[in-house]
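Visitor: This is protein14.pdb (PDB, C-alpha atoms and all ligand atoms).
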```pdb
ATOM      1  CA  MET A 793       4.607   3.406 -25.870
ATOM      2  CA  SER A 794       4.537  -0.387 -26.021
ATOM      3  CA  ILE A 795       2.137  -2.594 -24.058
ATOM      4  CA  ASN A 796       5.007  -3.363 -21.618
ATOM      5  CA  ASP A 797       5.386   0.319 -20.808
ATOM      6  CA  TRP A 798       1.649   0.662 -20.212
ATOM      7  CA  LEU A 799       1.698  -2.360 -17.893
ATOM      8  CA  ARG A 800       4.523  -0.806 -15.893
ATOM      9  CA  LEU A 801       2.638   2.499 -15.678
ATOM     10  CA  MET A 802      -0.543   0.860 -14.320
ATOM     11  CA  HIS A 803       0.766   1.134 -10.750
ATOM     12  CA  PRO A 804       1.746   4.844 -10.810
ATOM     13  CA  ILE A 805      -1.452   5.681 -12.747
ATOM     14  CA  LEU A 806      -3.592   3.985 -10.089
ATOM     15  CA  ALA A 807      -1.575   5.634  -7.305
ATOM     16  CA  VAL A 808      -1.904   9.147  -8.689
ATOM     17  CA  SER A 809      -5.480   9.019  -9.983
ATOM     18  CA  VAL A 810      -7.202   6.801  -7.384
ATOM     19  CA  VAL A 811      -5.192   6.205  -4.212
ATOM     20  CA  PHE A 812      -3.753   9.659  -3.531
ATOM     21  CA  PRO A 813      -7.066  11.525  -3.986
ATOM     22  CA  LEU A 814      -8.608   8.979  -1.599
ATOM     23  CA  ILE A 815      -5.821   9.603   0.943
ATOM     24  CA  GLY A 816      -6.640  13.341   0.758
ATOM     25  CA  ILE A 817     -10.353  12.810   1.382
ATOM     26  CA  VAL A 818      -9.812  10.280   4.202
ATOM     27  CA  SER A 819      -7.329  12.618   5.931
ATOM     28  CA  TYR A 820      -9.687  15.586   5.608
ATOM     29  CA  PHE A 821     -12.549  13.636   7.203
ATOM     30  CA  ALA A 822     -10.157  12.314   9.890
ATOM     31  CA  LEU A 823      -9.313  15.856  10.979
ATOM     32  CA  GLN A 824     -12.976  16.876  10.948
ATOM     33  CA  THR A 825     -13.961  13.781  12.958
ATOM     34  CA  ARG A 826     -11.414  14.681  15.603
ATOM     35  CA  GLN A 827     -12.326  18.387  15.678
ATOM     36  CA  ARG A 828     -15.996  17.532  16.025
ATOM     37  CA  ARG A 829     -15.390  14.997  18.790
ATOM     38  CA  LEU A 830     -13.257  17.474  20.744
ATOM     39  CA  ALA A 831     -15.882  20.246  20.314
ATOM     40  CA  VAL A 832     -18.704  17.956  21.478
ATOM     41  CA  GLN A 833     -16.571  16.813  24.417
ATOM     42  CA  ALA A 834     -15.960  20.454  25.425
ATOM     43  CA  LYS A 835     -19.741  21.037  25.094
ATOM     44  CA  GLU A 836     -19.145  23.576  22.332
ATOM     45  CA  LYS A 837     -21.385  23.916  19.305
ATOM     46  CA  SER A 838     -19.694  22.426  16.254
ATOM     47  CA  LYS A 839     -20.480  23.411  12.673
ATOM     48  CA  ILE A 840     -19.085  20.093  11.489
ATOM     49  CA  PRO A 841     -21.893  17.619  10.637
ATOM     50  CA  PRO A 842     -21.991  14.320  12.599
ATOM     51  CA  VAL A 843     -21.700  12.325   9.366
ATOM     52  CA  VAL A 844     -17.935  13.033   9.000
ATOM     53  CA  GLY A 845     -16.965  10.088  11.236
ATOM     54  CA  LYS A 846     -19.002   7.705   9.093
ATOM     55  CA  GLU A 847     -17.596   9.156   5.872
ATOM     56  CA  HIS A 848     -14.052   8.783   7.217
ATOM     57  CA  VAL A 849     -14.627   5.123   8.000
ATOM     58  CA  ASN A 850     -16.458   4.311   4.738
ATOM     59  CA  LEU A 851     -13.718   5.856   2.621
ATOM     60  CA  GLY A 852     -11.044   4.501   4.998
ATOM     61  CA  LYS A 853     -12.284   1.001   4.214
ATOM     62  CA  TRP A 854     -11.945   1.748   0.497
ATOM     63  CA  LEU A 855      -8.476   3.126   1.133
ATOM     64  CA  THR A 856      -7.285  -0.127   2.731
ATOM     65  CA  GLY A 857      -8.443  -2.091  -0.333
ATOM     66  CA  ALA A 858      -6.986   0.483  -2.719
ATOM     67  CA  VAL A 859      -3.542   0.537  -1.062
ATOM     68  CA  VAL A 860      -3.353  -3.276  -0.810
ATOM     69  CA  GLY A 861      -4.484  -3.525  -4.467
ATOM     70  CA  LEU A 862      -1.916  -0.914  -5.505
ATOM     71  CA  THR A 863       0.832  -2.804  -3.683
ATOM     72  CA  LEU A 864      -0.166  -6.066  -5.382
ATOM     73  CA  VAL A 865       0.022  -4.350  -8.795
ATOM     74  CA  GLY A 866       3.375  -2.799  -7.760
ATOM     75  CA  VAL A 867       4.964  -6.157  -6.928
ATOM     76  CA  GLY A 868       2.927  -8.140  -9.506
ATOM     77  CA  HIS A 869       4.378  -6.411 -12.548
ATOM     78  CA  PRO A 870       8.070  -7.062 -11.806
ATOM     79  CA  ILE A 871       7.346 -10.632 -10.597
ATOM     80  CA  PHE A 872       5.558 -11.612 -13.832
ATOM     81  CA  LYS A 873       8.015  -9.693 -15.979
ATOM     82  CA  ASN A 874      10.778 -11.754 -14.373
ATOM     83  CA  ILE A 875       8.898 -15.017 -15.045
ATOM     84  CA  VAL A 876       8.458 -14.086 -18.730
ATOM     85  CA  LYS A 877      12.089 -12.977 -19.042
ATOM     86  CA  GLN A 878      13.414 -16.152 -17.423
ATOM     87  CA  ALA A 879      11.206 -18.348 -19.635
ATOM     88  CA  ALA A 880      13.306 -17.320 -22.637
ATOM     89  CA  THR A 881      16.558 -18.423 -20.964
ATOM     90  CA  ASP A 882      17.861 -21.860 -19.946
ATOM     91  CA  SER A 883      16.971 -21.230 -16.290
ATOM     92  CA  PRO A 884      13.199 -20.632 -16.361
ATOM     93  CA  VAL A 885      11.254 -20.145 -13.127
ATOM     94  CA  PRO A 886      10.015 -23.658 -12.120
ATOM     95  CA  ALA A 887       6.317 -24.305 -12.851
ATOM     96  CA  GLY A 888       5.755 -25.104  -9.145
ATOM     97  CA  LYS A 889       6.973 -21.657  -8.161
ATOM     98  CA  VAL A 890       4.777 -19.942 -10.765
ATOM     99  CA  ILE A 891       1.754 -21.838  -9.406
ATOM    100  CA  PHE A 892       2.769 -20.861  -5.858
ATOM    101  CA  ILE A 893       2.988 -17.174  -6.844
ATOM    102  CA  VAL A 894      -0.431 -17.218  -8.541
ATOM    103  CA  PHE A 895      -1.830 -18.991  -5.473
ATOM    104  CA  MET A 896      -0.290 -16.366  -3.155
ATOM    105  CA  PHE A 897      -1.976 -13.536  -5.093
ATOM    106  CA  LEU A 898      -5.368 -15.251  -4.778
ATOM    107  CA  PHE A 899      -4.656 -16.136  -1.129
ATOM    108  CA  THR A 900      -3.788 -12.525  -0.226
ATOM    109  CA  ILE A 901      -6.872 -11.111  -1.954
ATOM    110  CA  GLY A 902      -9.017 -13.852  -0.354
ATOM    111  CA  SER A 903      -7.639 -13.089   3.121
ATOM    112  CA  LEU A 904      -8.416  -9.379   2.678
ATOM    113  CA  VAL A 905     -11.977 -10.186   1.548
ATOM    114  CA  CYS A 906     -12.386 -12.374   4.660
ATOM    115  CA  LEU A 907     -11.014  -9.521   6.816
ATOM    116  CA  TYR A 908     -13.689  -7.201   5.378
ATOM    117  CA  ARG A 909     -16.345  -9.785   6.178
ATOM    118  CA  ALA A 910     -15.177 -10.580   9.731
ATOM    119  CA  THR A 911     -17.526  -8.428  11.784
ATOM    120  CA  ALA A 912     -17.232  -6.754  15.162
ATOM    121  CA  PRO A 913     -17.181  -9.524  17.798
ATOM    122  CA  GLN A 914     -14.841 -11.765  15.801
ATOM    123  CA  LYS A 915     -11.579 -10.459  17.243
ATOM    124  CA  LEU A 916      -9.671 -13.671  16.649
ATOM    125  CA  TRP A 917     -10.772 -13.922  13.006
ATOM    126  CA  ARG A 918      -9.946 -10.291  12.325
ATOM    127  CA  GLY A 919      -6.467 -10.822  13.797
ATOM    128  CA  LEU A 920      -5.985 -13.999  11.784
ATOM    129  CA  PHE A 921      -7.105 -12.573   8.424
ATOM    130  CA  ALA A 922      -5.075  -9.402   8.980
ATOM    131  CA  ALA A 923      -2.002 -11.555   9.693
ATOM    132  CA  LEU A 924      -2.645 -13.711   6.603
ATOM    133  CA  THR A 925      -3.126 -10.660   4.328
ATOM    134  CA  THR A 926       0.083  -9.123   5.677
ATOM    135  CA  ALA A 927       2.005 -12.403   5.311
ATOM    136  CA  GLY A 928       0.756 -12.752   1.724
ATOM    137  CA  LEU A 929       1.914  -9.223   0.874
ATOM    138  CA  TRP A 930       5.404  -9.725   2.306
ATOM    139  CA  ILE A 931       5.822 -13.195   0.761
ATOM    140  CA  LEU A 932       4.950 -11.760  -2.660
ATOM    141  CA  GLY A 933       7.239  -8.786  -2.032
ATOM    142  CA  SER A 934      10.150 -11.143  -1.400
ATOM    143  CA  GLN A 935       9.877 -12.854  -4.811
ATOM    144  CA  ASP A 936      12.531 -12.547  -7.514
ATOM    145  CA  GLY A 937      12.191  -9.558  -9.829
ATOM    146  CA  VAL A 938      10.950  -7.083  -7.198
ATOM    147  CA  PHE A 939      13.410  -4.223  -6.833
ATOM    148  CA  ARG A 940      13.700  -3.726  -3.086
ATOM    149  CA  ARG A 941      16.696  -1.385  -2.938
ATOM    150  CA  THR A 942      17.916  -3.179   0.184
ATOM    151  CA  TYR A 943      21.431  -1.686  -0.237
ATOM    152  CA  GLU A 944      19.928   1.739   0.521
ATOM    153  CA  TRP A 945      16.735   0.730   2.318
ATOM    154  CA  GLN A 946      16.449   4.201   3.895
ATOM    155  CA  VAL A 947      15.184   5.567   0.571
ATOM    156  CA  SER A 948      13.474   2.396  -0.658
ATOM    157  CA  HIS A 949      10.044   2.659  -2.303
ATOM    158  CA  TYR A 950       9.498  -1.016  -1.536
ATOM    159  CA  TYR A 951       9.974  -1.144   2.249
ATOM    160  CA  TYR A 952       7.999   2.011   3.070
ATOM    161  CA  GLY A 953       5.233   0.948   0.684
ATOM    162  CA  MET A 954       4.964  -2.449   2.317
ATOM    163  CA  VAL A 955       4.863  -0.895   5.792
ATOM    164  CA  ALA A 956       2.157   1.588   4.664
ATOM    165  CA  ALA A 957       0.050  -1.259   3.225
ATOM    166  CA  THR A 958       0.487  -3.238   6.462
ATOM    167  CA  LEU A 959      -0.683  -0.201   8.495
ATOM    168  CA  MET A 960      -3.816   0.038   6.326
ATOM    169  CA  VAL A 961      -4.574  -3.648   6.992
ATOM    170  CA  ILE A 962      -4.127  -3.015  10.743
ATOM    171  CA  SER A 963      -6.589  -0.064  10.575
ATOM    172  CA  LEU A 964      -9.207  -2.333   9.054
ATOM    173  CA  ALA A 965      -8.509  -5.097  11.581
ATOM    174  CA  ILE A 966      -8.883  -2.846  14.660
ATOM    175  CA  LEU A 967     -11.847  -0.868  13.259
ATOM    176  CA  PRO A 968     -14.432  -1.802  15.957
ATOM    177  CA  GLU A 969     -11.855  -1.241  18.733
ATOM    178  CA  ILE A 970     -11.274   2.372  17.588
ATOM    179  CA  TYR A 971     -14.865   3.136  18.652
ATOM    180  CA  ARG A 972     -14.672   1.126  21.856
ATOM    181  CA  SER A 973     -11.572   2.400  23.596
ATOM    182  CA  LYS A 974      -9.560   5.551  23.947
ATOM    183  CA  THR A 975      -6.301   3.599  23.796
ATOM    184  CA  TRP A 976      -7.133   1.989  20.454
ATOM    185  CA  ARG A 977      -8.222   5.362  19.076
ATOM    186  CA  LYS A 978      -4.838   6.795  20.064
ATOM    187  CA  VAL A 979      -3.075   3.773  18.565
ATOM    188  CA  HIS A 980      -5.054   4.327  15.346
ATOM    189  CA  ILE A 981      -4.148   8.010  15.172
ATOM    190  CA  ALA A 982      -0.451   7.360  15.876
ATOM    191  CA  LEU A 983      -0.137   4.526  13.339
ATOM    192  CA  ASN A 984      -2.015   6.370  10.631
ATOM    193  CA  CYS A 985      -0.113   9.625  11.071
ATOM    194  CA  ILE A 986       2.962   7.485  10.353
ATOM    195  CA  ALA A 987       1.098   5.964   7.368
ATOM    196  CA  LEU A 988       0.326   9.463   6.076
ATOM    197  CA  LEU A 989       4.020  10.387   6.253
ATOM    198  CA  LEU A 990       4.889   7.142   4.469
ATOM    199  CA  PHE A 991       2.397   7.958   1.696
ATOM    200  CA  ILE A 992       4.136  11.285   1.128
ATOM    201  CA  VAL A 993       7.499   9.458   1.060
ATOM    202  CA  GLN A 994       5.963   7.050  -1.511
ATOM    203  CA  GLY A 995       5.069  10.035  -3.685
ATOM    204  CA  ILE A 996       8.729  11.115  -3.597
ATOM    205  CA  THR A 997      10.430   7.723  -4.023
ATOM    206  CA  GLY A 998       7.851   6.629  -6.627
ATOM    207  CA  THR A 999       8.452   9.626  -8.898
ATOM    208  CA  ARG A1000      12.214   9.125  -8.474
ATOM    209  CA  ASP A1001      11.812   5.475  -9.534
ATOM    210  CA  LEU A1002       9.826   6.573 -12.589
ATOM    211  CA  LEU A1003      12.752   8.770 -13.564
ATOM    212  CA  GLU A1004      15.213   5.898 -13.103
ATOM    213  CA  ILE A1005      13.230   3.286 -15.080
ATOM    214  CA  PRO A1006      13.579   3.649 -18.877
ATOM    215  CA  LEU A1007      10.965   3.064 -21.570
ATOM    216  CA  SER A1008      11.240  -0.488 -22.923
ATOM    217  CA  TRP A1009      13.046   0.561 -26.143
ATOM    218  CA  GLN A1010      15.689   2.366 -24.064
ATOM    219  CA  GLU A1011      16.273  -0.587 -21.720
ATOM    220  CA  PRO A1012      19.211  -2.265 -23.556
ATOM    221  CA  PHE A1013      21.182   0.985 -23.411
ATOM    222  CA  VAL A1014      20.172   2.265 -19.947
ATOM    223  CA  PHE A1015      20.549  -1.090 -18.170
ATOM    224  CA  GLY A1016      24.050  -1.279 -19.667
ATOM    225  CA  CYS A1017      24.985   1.752 -17.571
ATOM    226  CA  ASP A1018      27.086   1.528 -14.438
ATOM    227  CA  PHE A1019      24.610   2.570 -11.738
ATOM    228  CA  ALA A1020      27.171   2.444  -8.900
ATOM    229  CA  ASN A1021      29.625   4.825 -10.588
ATOM    230  CA  LYS A1022      26.895   6.743 -12.448
ATOM    231  CA  THR A1023      28.487   6.411 -15.870
ATOM    232  CA  CYS A1024      27.010   5.394 -19.216
ATOM    233  CA  GLY A1025      28.146   4.366 -22.646
ATOM    234  CA  GLY A1026      31.890   4.240 -22.178
TER
HETATM  235  C1  LIG B1101      -4.654   8.357   6.104
HETATM  236  C2  LIG B1101      -5.130   7.476   6.910
HETATM  237  C3  LIG B1101      -5.890   7.773   8.194
HETATM  238  C4  LIG B1101      -5.709   8.770   9.113
HETATM  239  C5  LIG B1101      -4.671   9.885   9.105
HETATM  240  C6  LIG B1101      -6.718   8.568  10.147
HETATM  241  C7  LIG B1101      -6.879   9.356  11.268
HETATM  242  C8  LIG B1101      -7.976   9.350  12.097
HETATM  243  C9  LIG B1101      -8.319  10.388  13.066
HETATM  244  C10 LIG B1101      -7.477  11.631  13.352
HETATM  245  C11 LIG B1101      -9.482  10.024  13.643
HETATM  246  C12 LIG B1101     -10.269  10.839  14.692
HETATM  247  C13 LIG B1101      -9.929  10.348  16.055
HETATM  248  C14 LIG B1101     -10.507  11.253  17.106
HETATM  249  O1  LIG B1101     -11.748  11.374  17.164
HETATM  250  O2  LIG B1101      -9.717  11.834  17.846
HETATM  251  C15 LIG B1101      -9.899   8.757  13.073
HETATM  252  C16 LIG B1101     -11.041   8.063  13.419
HETATM  253  C17 LIG B1101     -11.364   6.823  12.938
HETATM  254  N1  LIG B1101     -10.710   6.137  11.918
HETATM  255 FE1  LIG B1101      -9.102   6.799  10.889
HETATM  256  N2  LIG B1101      -7.474   7.469   9.847
HETATM  257  C18 LIG B1101      -6.995   6.948   8.657
HETATM  258  C19 LIG B1101      -7.457   5.836   8.004
HETATM  259  C20 LIG B1101      -8.440   4.983   8.492
HETATM  260  C21 LIG B1101      -8.781   3.708   7.920
HETATM  261  C22 LIG B1101      -8.078   3.093   6.699
HETATM  262  C23 LIG B1101      -9.781   3.175   8.703
HETATM  263  C24 LIG B1101     -10.530   1.872   8.576
HETATM  264  C25 LIG B1101     -10.440   1.042   7.600
HETATM  265  C26 LIG B1101     -10.080   4.126   9.759
HETATM  266  C27 LIG B1101     -11.018   3.969  10.771
HETATM  267  C28 LIG B1101     -11.348   4.922  11.721
HETATM  268  C29 LIG B1101     -12.443   4.813  12.678
HETATM  269  C30 LIG B1101     -13.386   3.613  12.844
HETATM  270  C31 LIG B1101     -12.469   6.007  13.420
HETATM  271  C32 LIG B1101     -13.492   6.423  14.503
HETATM  272  C33 LIG B1101     -14.529   7.279  13.809
HETATM  273  C34 LIG B1101     -15.472   7.983  14.755
HETATM  274  O3  LIG B1101     -15.111   8.241  15.904
HETATM  275  O4  LIG B1101     -16.594   8.293  14.289
HETATM  276  N3  LIG B1101      -9.238   5.216   9.602
HETATM  277  N4  LIG B1101      -8.958   8.377  12.138
HETATM  278  C1  LIG B1102       0.266   4.474  -1.637
HETATM  279  C2  LIG B1102       1.350   4.697  -2.296
HETATM  280  C3  LIG B1102       2.250   3.658  -2.907
HETATM  281  C4  LIG B1102       2.543   2.385  -2.467
HETATM  282  C5  LIG B1102       2.027   1.677  -1.214
HETATM  283  C6  LIG B1102       3.463   1.821  -3.435
HETATM  284  C7  LIG B1102       4.024   0.547  -3.350
HETATM  285  C8  LIG B1102       4.879  -0.008  -4.287
HETATM  286  C9  LIG B1102       5.506  -1.305  -4.185
HETATM  287  C10 LIG B1102       5.363  -2.244  -2.977
HETATM  288  C11 LIG B1102       6.243  -1.510  -5.312
HETATM  289  C12 LIG B1102       7.078  -2.737  -5.674
HETATM  290  C13 LIG B1102       8.506  -2.582  -5.250
HETATM  291  C14 LIG B1102       9.333  -1.696  -6.155
HETATM  292  O1  LIG B1102       9.504  -2.013  -7.349
HETATM  293  O2  LIG B1102       9.806  -0.634  -5.661
HETATM  294  C15 LIG B1102       6.107  -0.336  -6.134
HETATM  295  C16 LIG B1102       6.708  -0.146  -7.364
HETATM  296  C17 LIG B1102       6.705   1.034  -8.073
HETATM  297  N1  LIG B1102       6.052   2.204  -7.714
HETATM  298 FE1  LIG B1102       4.889   2.469  -6.094
HETATM  299  N2  LIG B1102       3.709   2.736  -4.434
HETATM  300  C18 LIG B1102       2.975   3.878  -4.146
HETATM  301  C19 LIG B1102       2.936   5.062  -4.875
HETATM  302  C20 LIG B1102       3.653   5.292  -6.052
HETATM  303  C21 LIG B1102       3.662   6.543  -6.788
HETATM  304  C22 LIG B1102       2.896   7.805  -6.403
HETATM  305  C23 LIG B1102       4.485   6.366  -7.869
HETATM  306  C24 LIG B1102       4.865   7.325  -8.977
HETATM  307  C25 LIG B1102       4.218   8.344  -9.360
HETATM  308  C26 LIG B1102       4.982   4.999  -7.812
HETATM  309  C27 LIG B1102       5.859   4.442  -8.727
HETATM  310  C28 LIG B1102       6.315   3.149  -8.700
HETATM  311  C29 LIG B1102       7.171   2.565  -9.724
HETATM  312  C30 LIG B1102       7.677   3.264 -10.976
HETATM  313  C31 LIG B1102       7.413   1.238  -9.335
HETATM  314  C32 LIG B1102       8.210   0.172 -10.090
HETATM  315  C33 LIG B1102       7.202  -0.643 -10.869
HETATM  316  C34 LIG B1102       7.793  -1.745 -11.714
HETATM  317  O3  LIG B1102       8.963  -2.100 -11.565
HETATM  318  O4  LIG B1102       7.029  -2.267 -12.520
HETATM  319  N3  LIG B1102       4.446   4.375  -6.690
HETATM  320  N4  LIG B1102       5.275   0.574  -5.490
END
```
Translate the structure described by the file into structure tokens.
Guide:
Amino acid sequence: MSINDWLRLMHPILAVSVVFPLIGIVSYFALQTRQRRLAVQAKEKSKIPPVVGKEHVNLGKWLTGAVVGLTLVGVGHPIFKNIVKQAATDSPVPAGKVIFIVFMFLFTIGSLVCLYRATAPQKLWRGLFAALTTAGLWILGSQDGVFRRTYEWQVSHYYYGMVAATLMVISLAILPEIYRSKTWRKVHIALNCIALLLFIVQGITGTRDLLEIPLSWQEPFVFGCDFANKTCGG
């Protein structure tokens, strides 16, 4: 495999070896946290140790960073591949736009770091940094080169991935509220059950995309195919 193929595989490799195991652990602790809380509430004796809530949150925080990072790698590769490809033609991406894109990557990562650092009482700051991180993600996702599959958005890896990443940012932003109120806890559970479904969908659409994307040496032939009529080479 060439270096280009390895660069393209970075995103699926990270997803399969880091993010999905983390999703499994966070979900397991989530269920235990709930079971323990319900048992304690019903004044039953629970065998589940009290530390599960803390473990869920600690790993949940890692999960937010991991999913946002994974999404940035997912959109980053096609964006920079497009810049390199265009540079060899007579319509290269303008330098101003390249600088803007690099700035947006740093801006999005910076906003997420600030969101991690905005502590409990700073509601306004948490809201602001969550909004900025989300805006950064979607602005980068709308750049040229990213394959969004808008013509059949129902099965798009892009849209569901972006929504899942946004839900992770929201979880981090409302973290102190989940402890404080029943309503926010319910909001958290509802949103993250949707996120969990979206992660499973990502596993399906992502492996499909891997099957559709050729190795770099096969590209000239495969991209010459007629994808609408599903015919090749004639
Ligand atoms: C796959 C993703 C996730 C799922 C399915 C999930 C689900 C849950 C569930 C079911 C609970 C227990 C609620 C109850 O006691 O009834 C919970 C608690 C909580 N979650 Fe999540 N969660 C996820 C990710 C996250 C993330 C990313 C964060 C923060 C960054 C987070 C922060 C919290 C907090 C602070 C609590 C309260 C813990 C406690 O009561 O000790 N969760 N979550
Ligand atoms: C948490 C789960 C995941 C999220 C949030 C996510 C998100 C994204 C996003 C936003 C993109 C860019 C848009 C696009 O090209 O479709 C992307 C690309 C891609 N994803 Fe995922 N993804 C996830 C899991 C996976 C998995 C499990 C696989 C495969 C095993 C996968 C394979 C791919 C491939 C092949 C691309 C195209 C990369 C390229 O063109 O360079 N993804 N992903």
Visitor: Give me the box for stretch 867-886 of chain A as lines of an AutoDock Vina configuration file, namely the centre and edge lengths in Å to one decimal of a box along x, y and z that holds every listed atom plus 5 Å on each side.
Guide:
```
center_x = 10.4
center_y = -14.9
center_z = -14.8
size_x = 24.9
size_y = 27.5
size_z = 25.7
```
Visitor: Near stretch 896-907 of chain A, within 12 Å and counting all atoms listed in the file, which residues show up once chain neighbours fewer than 4 positions away are dropped, as a ChimeraX atom specification?
Guide: /A:853-854,856-865,867-868,871-872,889-892,911-912,914-935,957-958,960-967
Visitor: Taking the file above as input, evaluate the PyMOL selection byres (((chain A and resi 825) around 12) and not hetatm) and report the hits as a PyMOL selection string.
Guide: chain A and resi 818-824+826-832+838-849+977+981
Visitor: Determine the nearest neighbour of ligand LIG 1102 (chain B) from the options A:Ala887, A:Leu801, A:Ile893, A:Val1014, counting only C-alpha atoms and all ligand atoms.
Guide: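 Ranking A:Ala887, A:Leu801, A:Ile893, A:Val1014 by distance to ligand LIG 1102 (chain B), first place goes to A:Leu801.
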Visitor: Determine the nearest neighbour of ligand LIG 1101 (chain B) from the options A:Pro884, A:Gly953, A:Pro968, A:Pro813, counting only C-alpha atoms and all ligand atoms.
Guide: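 The answer is A:Pro968, which sits nearest to ligand LIG 1101 (chain B).
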Visitor: What residues have any atom no more than 7 Å from ligand LIG 1102 (chain B) when counting all atoms listed in the file, and can you list them as a count of residues only?
Guide: 34
Visitor: Suppose you want the space between atom CA of A:Asn850 and atom CA of A:Gln833; what is it in Å?
Guide: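 Atom-to-atom, atom CA of A:Asn850 and atom CA of A:Gln833 are spaced 23.3 Å apart.
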Visitor: Name the closest residue to A:Leu988 among the candidates A:Leu1003, A:Leu814, A:Ile805, A:Tyr971; distances are taken between atoms, counting all atoms listed in the file.
Guide: A:Leu814
Visitor: State, in Å with one decimal place, the distance from atom C7 of ligand LIG 1101 (chain B) to atom CA of A:Val947.
Guide: 24.8 Å
Visitor: If I take atom C25 of ligand LIG 1101 (chain B) and atom CA of A:Ser809, how far is one from the other in Å, to one decimal?
Guide: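 For atom C25 of ligand LIG 1101 (chain B) relative to atom CA of A:Ser809, the distance reads 19.9 Å.
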Visitor: Return the single residue from A:Cys1024, A:Ile986, A:Val993, A:Ile875 that is closest to ligand LIG 1101 (chain B), with distances computed using all atoms listed in the file.
Guide: A:Ile986
Visitor: With all atoms listed in the file as the atoms that count, which of A:Lys978, A:Leu989, A:Leu1007, A:Glu944 lies nearest to A:Ala1020?
Guide: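 Closest to A:Ala1020, using all atoms listed in the file: A:Glu944.
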Visitor: Of the residues A:Met802, A:Ala834, A:Leu990, A:Met793, which is the one nearest to ligand LIG 1101 (chain B), using all atoms listed in the file?
Guide: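 Among A:Met802, A:Ala834, A:Leu990, A:Met793, it is A:Leu990 that comes nearest to ligand LIG 1101 (chain B).
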